[in-house]
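Text of protein37.pdb (PDB, C-alpha atoms, pLDDT in the B column) as supplied:
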ATOM      1  CA  MET A  30      40.983 149.482  90.983  1.00 58.00           C
ATOM      2  CA  SER A  31      42.925 152.276  92.657  1.00 70.00           C
ATOM      3  CA  ASP A  32      41.089 155.012  94.518  1.00 72.00           C
ATOM      4  CA  LEU A  33      42.439 157.621  92.068  1.00 71.00           C
ATOM      5  CA  VAL A  34      41.060 155.761  89.042  1.00 77.00           C
ATOM      6  CA  ARG A  35      37.738 155.271  90.823  1.00 74.00           C
ATOM      7  CA  SER A  36      37.542 158.999  91.583  1.00 74.00           C
ATOM      8  CA  LEU A  37      38.379 159.918  87.985  1.00 77.00           C
ATOM      9  CA  ARG A  38      35.618 157.634  86.733  1.00 79.00           C
ATOM     10  CA  LEU A  39      33.149 159.365  89.055  1.00 79.00           C
ATOM     11  CA  TRP A  40      34.024 162.733  87.520  1.00 78.00           C
ATOM     12  CA  PHE A  41      32.466 161.644  84.241  1.00 80.00           C
ATOM     13  CA  SER A  42      29.772 159.381  85.617  1.00 78.00           C
ATOM     14  CA  PRO A  43      28.074 161.183  88.504  1.00 73.00           C
ATOM     15  CA  GLY A  44      25.263 158.628  88.435  1.00 77.00           C
ATOM     16  CA  ARG A  45      27.687 156.195  90.048  1.00 80.00           C
ATOM     17  CA  VAL A  46      28.049 158.560  92.991  1.00 79.00           C
ATOM     18  CA  ARG A  47      24.357 158.008  93.695  1.00 79.00           C
ATOM     19  CA  ASP A  48      25.010 154.280  94.072  1.00 80.00           C
ATOM     20  CA  GLU A  49      27.044 154.906  97.213  1.00 81.00           C
ATOM     21  CA  GLY A  50      25.496 155.199 100.653  1.00 84.00           C
ATOM     22  CA  GLU A  51      22.240 156.985 101.286  1.00 88.00           C
ATOM     23  CA  THR A  52      20.834 160.066  99.643  1.00 88.00           C
ATOM     24  CA  PRO A  53      21.649 163.092 101.794  1.00 88.00           C
ATOM     25  CA  ASP A  54      19.316 166.004 102.354  1.00 90.00           C
ATOM     26  CA  TYR A  55      19.015 167.689  98.945  1.00 89.00           C
ATOM     27  CA  ARG A  56      20.021 171.021 100.438  1.00 94.00           C
ATOM     28  CA  PHE A  57      23.498 169.631 101.126  1.00 93.00           C
ATOM     29  CA  SER A  58      23.898 168.263  97.602  1.00 90.00           C
ATOM     30  CA  LEU A  59      22.728 171.562  96.147  1.00 94.00           C
ATOM     31  CA  ALA A  60      25.139 173.474  98.406  1.00 94.00           C
ATOM     32  CA  ASN A  61      27.926 171.192  97.193  1.00 93.00           C
ATOM     33  CA  GLU A  62      26.945 171.978  93.609  1.00 94.00           C
ATOM     34  CA  ARG A  63      26.906 175.736  94.311  1.00 96.00           C
ATOM     35  CA  THR A  64      30.391 175.441  95.779  1.00 95.00           C
ATOM     36  CA  PHE A  65      31.506 173.612  92.635  1.00 94.00           C
ATOM     37  CA  LEU A  66      30.070 176.399  90.494  1.00 96.00           C
ATOM     38  CA  ALA A  67      31.848 179.032  92.606  1.00 96.00           C
ATOM     39  CA  TRP A  68      35.165 177.243  91.988  1.00 96.00           C
ATOM     40  CA  ILE A  69      34.388 177.121  88.259  1.00 97.00           C
ATOM     41  CA  ARG A  70      33.657 180.871  88.255  1.00 97.00           C
ATOM     42  CA  THR A  71      36.976 181.431  90.005  1.00 96.00           C
ATOM     43  CA  ALA A  72      38.730 179.277  87.402  1.00 96.00           C
ATOM     44  CA  LEU A  73      37.094 181.212  84.562  1.00 97.00           C
ATOM     45  CA  ALA A  74      38.096 184.536  86.152  1.00 97.00           C
ATOM     46  CA  LEU A  75      41.716 183.389  86.442  1.00 96.00           C
ATOM     47  CA  ILE A  76      41.761 182.181  82.837  1.00 97.00           C
ATOM     48  CA  GLY A  77      40.168 185.441  81.683  1.00 97.00           C
ATOM     49  CA  GLY A  78      42.722 187.389  83.689  1.00 94.00           C
ATOM     50  CA  GLY A  79      45.507 185.477  81.987  1.00 95.00           C
ATOM     51  CA  PHE A  80      44.141 186.314  78.565  1.00 95.00           C
ATOM     52  CA  ALA A  81      43.686 189.946  79.622  1.00 94.00           C
ATOM     53  CA  VAL A  82      47.327 190.186  80.714  1.00 92.00           C
ATOM     54  CA  ASP A  83      48.433 188.754  77.393  1.00 92.00           C
ATOM     55  CA  GLN A  84      46.159 190.919  75.243  1.00 92.00           C
ATOM     56  CA  PHE A  85      46.071 194.238  77.083  1.00 88.00           C
ATOM     57  CA  LEU A  86      49.629 194.620  78.320  1.00 86.00           C
ATOM     58  CA  PRO A  87      51.568 194.596  75.047  1.00 86.00           C
ATOM     59  CA  ASP A  88      54.190 196.985  76.436  1.00 85.00           C
ATOM     60  CA  LEU A  89      55.484 194.349  78.828  1.00 85.00           C
ATOM     61  CA  ARG A  90      58.403 192.290  77.681  1.00 88.00           C
ATOM     62  CA  TRP A  91      57.165 189.091  76.056  1.00 90.00           C
ATOM     63  CA  GLY A  92      58.668 186.813  78.734  1.00 90.00           C
ATOM     64  CA  VAL A  93      57.102 188.728  81.618  1.00 89.00           C
ATOM     65  CA  ARG A  94      53.743 188.998  79.882  1.00 91.00           C
ATOM     66  CA  ALA A  95      53.704 185.352  78.846  1.00 93.00           C
ATOM     67  CA  GLY A  96      54.842 184.220  82.296  1.00 92.00           C
ATOM     68  CA  LEU A  97      52.087 186.106  84.086  1.00 91.00           C
ATOM     69  CA  ALA A  98      49.451 185.045  81.558  1.00 94.00           C
ATOM     70  CA  LEU A  99      50.464 181.388  81.724  1.00 95.00           C
ATOM     71  CA  ALA A 100      50.578 181.469  85.529  1.00 92.00           C
ATOM     72  CA  LEU A 101      47.011 182.778  85.661  1.00 94.00           C
ATOM     73  CA  ILE A 102      45.711 180.430  82.965  1.00 96.00           C
ATOM     74  CA  GLY A 103      47.457 177.441  84.551  1.00 95.00           C
ATOM     75  CA  THR A 104      46.080 178.322  87.972  1.00 94.00           C
ATOM     76  CA  GLY A 105      42.600 178.553  86.450  1.00 96.00           C
ATOM     77  CA  ALA A 106      42.976 175.133  84.850  1.00 96.00           C
ATOM     78  CA  VAL A 107      44.129 173.582  88.129  1.00 95.00           C
ATOM     79  CA  CYS A 108      41.216 175.267  89.908  1.00 95.00           C
ATOM     80  CA  ALA A 109      38.703 173.791  87.450  1.00 95.00           C
ATOM     81  CA  VAL A 110      40.077 170.276  87.837  1.00 94.00           C
ATOM     82  CA  ARG A 111      40.169 170.633  91.600  1.00 94.00           C
ATOM     83  CA  ALA A 112      36.549 171.815  91.598  1.00 94.00           C
ATOM     84  CA  VAL A 113      35.210 168.604  90.101  1.00 92.00           C
ATOM     85  CA  ASP A 114      37.434 166.455  92.301  1.00 91.00           C
ATOM     86  CA  HIS A 115      36.245 168.266  95.417  1.00 93.00           C
ATOM     87  CA  TRP A 116      32.602 167.974  94.341  1.00 92.00           C
ATOM     88  CA  VAL A 117      32.919 164.196  93.942  1.00 91.00           C
ATOM     89  CA  ARG A 118      34.792 163.745  97.218  1.00 91.00           C
ATOM     90  CA  CYS A 119      32.242 165.793  99.170  1.00 93.00           C
ATOM     91  CA  GLU A 120      29.252 164.096  97.569  1.00 92.00           C
ATOM     92  CA  ARG A 121      30.677 160.656  98.370  1.00 91.00           C
ATOM     93  CA  ALA A 122      31.423 161.659 101.949  1.00 93.00           C
ATOM     94  CA  MET A 123      27.892 162.999 102.480  1.00 94.00           C
ATOM     95  CA  ARG A 124      26.362 159.822 101.064  1.00 93.00           C
ATOM     96  CA  ARG A 125      28.557 157.665 103.284  1.00 92.00           C
ATOM     97  CA  GLY A 126      27.895 159.734 106.400  1.00 93.00           C
ATOM     98  CA  GLU A 127      31.587 160.604 106.701  1.00 93.00           C
ATOM     99  CA  ASP A 128      33.265 163.880 107.570  1.00 94.00           C
ATOM    100  CA  LEU A 129      33.732 166.164 104.596  1.00 91.00           C
ATOM    101  CA  PRO A 130      37.245 165.956 103.172  1.00 91.00           C
ATOM    102  CA  GLY A 131      39.718 168.631 104.139  1.00 89.00           C
ATOM    103  CA  SER A 132      41.614 170.467 101.456  1.00 88.00           C
ATOM    104  CA  ARG A 133      44.800 172.474 101.262  1.00 91.00           C
ATOM    105  CA  PHE A 134      43.807 173.772  97.841  1.00 91.00           C
ATOM    106  CA  PRO A 135      42.242 177.065  99.016  1.00 91.00           C
ATOM    107  CA  ALA A 136      45.530 177.973 100.717  1.00 93.00           C
ATOM    108  CA  LEU A 137      47.525 176.916  97.648  1.00 91.00           C
ATOM    109  CA  LEU A 138      45.247 178.940  95.370  1.00 91.00           C
ATOM    110  CA  ALA A 139      45.584 181.985  97.631  1.00 93.00           C
ATOM    111  CA  VAL A 140      49.396 181.696  97.561  1.00 93.00           C
ATOM    112  CA  MET A 141      49.443 181.355  93.761  1.00 89.00           C
ATOM    113  CA  VAL A 142      47.205 184.412  93.320  1.00 90.00           C
ATOM    114  CA  ALA A 143      49.251 186.372  95.874  1.00 93.00           C
ATOM    115  CA  VAL A 144      52.512 185.591  94.056  1.00 91.00           C
ATOM    116  CA  VAL A 145      51.093 186.745  90.723  1.00 88.00           C
ATOM    117  CA  SER A 146      49.708 189.848  92.444  1.00 89.00           C
ATOM    118  CA  VAL A 147      53.073 190.711  93.991  1.00 92.00           C
ATOM    119  CA  VAL A 148      54.779 190.328  90.606  1.00 87.00           C
ATOM    120  CA  MET A 149      52.164 192.625  89.065  1.00 85.00           C
ATOM    121  CA  VAL A 150      52.633 195.200  91.851  1.00 89.00           C
ATOM    122  CA  VAL A 151      56.380 195.168  91.231  1.00 89.00           C
ATOM    123  CA  ILE A 152      55.804 195.648  87.495  1.00 83.00           C
ATOM    124  CA  VAL A 153      53.460 198.571  88.105  1.00 80.00           C
ATOM    125  CA  ALA A 154      55.805 200.134  90.677  1.00 85.00           C
ATOM    126  CA  LEU A 155      58.855 199.835  88.421  1.00 82.00           C
ATOM    127  CA  GLY A 156      57.055 200.872  85.261  1.00 74.00           C
ATOM    128  CA  ASP A 157      57.563 198.939  82.033  1.00 57.00           C
ATOM    129  CA  ALA A 158      59.325 195.657  82.536  1.00 51.00           C
TER
END
Any chance you could put this one into structure tokens?
Amino acid sequence: MSDLVRSLRLWFSPGRVRDEGETPDYRFSLANERTFLAWIRTALALIGGGFAVDQFLPDLRWGVRAGLALALIGTGAVCAVRAVDHWVRCERAMRRGEDLPGSRFPALLAVMVAVVSVVMVVIVALGDA
């Protein structure tokens, strides 16, 4: 079974994660869970922002409004999926006594949010788009 399929199975069966390695200090597992929840809150905020753009900026041209809304909603969806993947990877690493996995996702998320922000600044500066 490929590592990707194994990881996907662990997303929906966290009990299997407990079968690996040794139980870490509970504080670390709880910190990992809090980090997961922070990513989920970020995802929800991005999705909510996308809906807000769509609902509360009716004066924008449809293409601009839909593009910004979909960018925010899509980024939120990616963030939610990444949150569970990161939780599983970190939990497995802690149980195995390995280094925690590195991730480029925070930088990617920051770039995606910055791009949407710059587009919104341009729209505000130029008036109605």
Using all atoms listed in the file, I'd like a table of the residues in region 76-133 of chain A that come within 10 Å of region 35-58 of chain A; for each, show the closest atom pair and its distance in Å rounded to one decimal, ordered by chain and ascending number, as JSON lines.
{"residue": "A:Val110", "atom": "CA", "partner": "A:Trp40", "partner_atom": "CA", "distance": 9.7}
{"residue": "A:Val113", "atom": "CA", "partner": "A:Trp40", "partner_atom": "CA", "distance": 6.5}
{"residue": "A:Asp114", "atom": "CA", "partner": "A:Trp40", "partner_atom": "CA", "distance": 7.0}
{"residue": "A:His115", "atom": "CA", "partner": "A:Trp40", "partner_atom": "CA", "distance": 9.9}
{"residue": "A:Trp116", "atom": "CA", "partner": "A:Trp40", "partner_atom": "CA", "distance": 8.7}
{"residue": "A:Val117", "atom": "CA", "partner": "A:Trp40", "partner_atom": "CA", "distance": 6.7}
{"residue": "A:Arg118", "atom": "CA", "partner": "A:Ser36", "partner_atom": "CA", "distance": 7.9}
{"residue": "A:Cys119", "atom": "CA", "partner": "A:Ser58", "partner_atom": "CA", "distance": 8.8}
{"residue": "A:Glu120", "atom": "CA", "partner": "A:Ser58", "partner_atom": "CA", "distance": 6.8}
{"residue": "A:Arg121", "atom": "CA", "partner": "A:Val46", "partner_atom": "CA", "distance": 6.3}
{"residue": "A:Ala122", "atom": "CA", "partner": "A:Gly50", "partner_atom": "CA", "distance": 8.9}
{"residue": "A:Met123", "atom": "CA", "partner": "A:Pro53", "partner_atom": "CA", "distance": 6.3}
{"residue": "A:Arg124", "atom": "CA", "partner": "A:Gly50", "partner_atom": "CA", "distance": 4.7}
{"residue": "A:Arg125", "atom": "CA", "partner": "A:Gly50", "partner_atom": "CA", "distance": 4.7}
{"residue": "A:Gly126", "atom": "CA", "partner": "A:Gly50", "partner_atom": "CA", "distance": 7.7}
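Using only C-alpha atoms, the smallest distance between any of A:Leu138, A:Leu75, A:Val144, A:Leu59 and Leu101 (chain A) comes from A:Leu75.
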Requested in this report: Please provide as an NGL selection string all residues within 8 Å of Val82 (chain A), with the sequence filter that same-chain residues fewer than 2 positions apart are discarded (counting all atoms listed in the file).
Outcome: :A and (78-80 or 84-86 or 94 or 97-98)
Enclose all atoms of region 42-56 of chain A listed in the file in an axis-aligned box, grow every side by 5 Å, and hand back centre and edge lengths in Å to one decimal, as lines of an AutoDock Vina configuration file.
center_x = 24.4
center_y = 162.7
center_z = 94.0
size_x = 20.8
size_y = 26.7
size_z = 26.7
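Once the PyMOL selection byres ((chain A and resi 67) around 12) is applied to this file, the selection holds Ala60, Asn61, Glu62, Arg63, Thr64, Phe65, Leu66, Trp68, Ile69, Arg70, Thr71, Ala72, Leu73, Ala74, Cys108, Ala109, Arg111, Ala112, Val113, His115 and Trp116 of chain A.
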Query raised in the report: What do you get, as JSON, numbers by chain, if you spell out every residue that the PyMOL selection byres ((chain A and resi 93) around 10) selects here?
Result: {"A": [82, 83, 89, 90, 91, 92, 94, 95, 96, 97, 98, 99, 148, 149, 152, 158]}
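Between CA of Ala136 (chain A) and CA of Thr104 (chain A) lies a distance of 12.8 Å.
Here CA of Ile76 (chain A) is placed at a distance of 21.0 Å from CA of Arg133 (chain A).
Across the model, the gap from CA of Val145 (chain A) to CA of Ala100 (chain A) is 7.4 Å.
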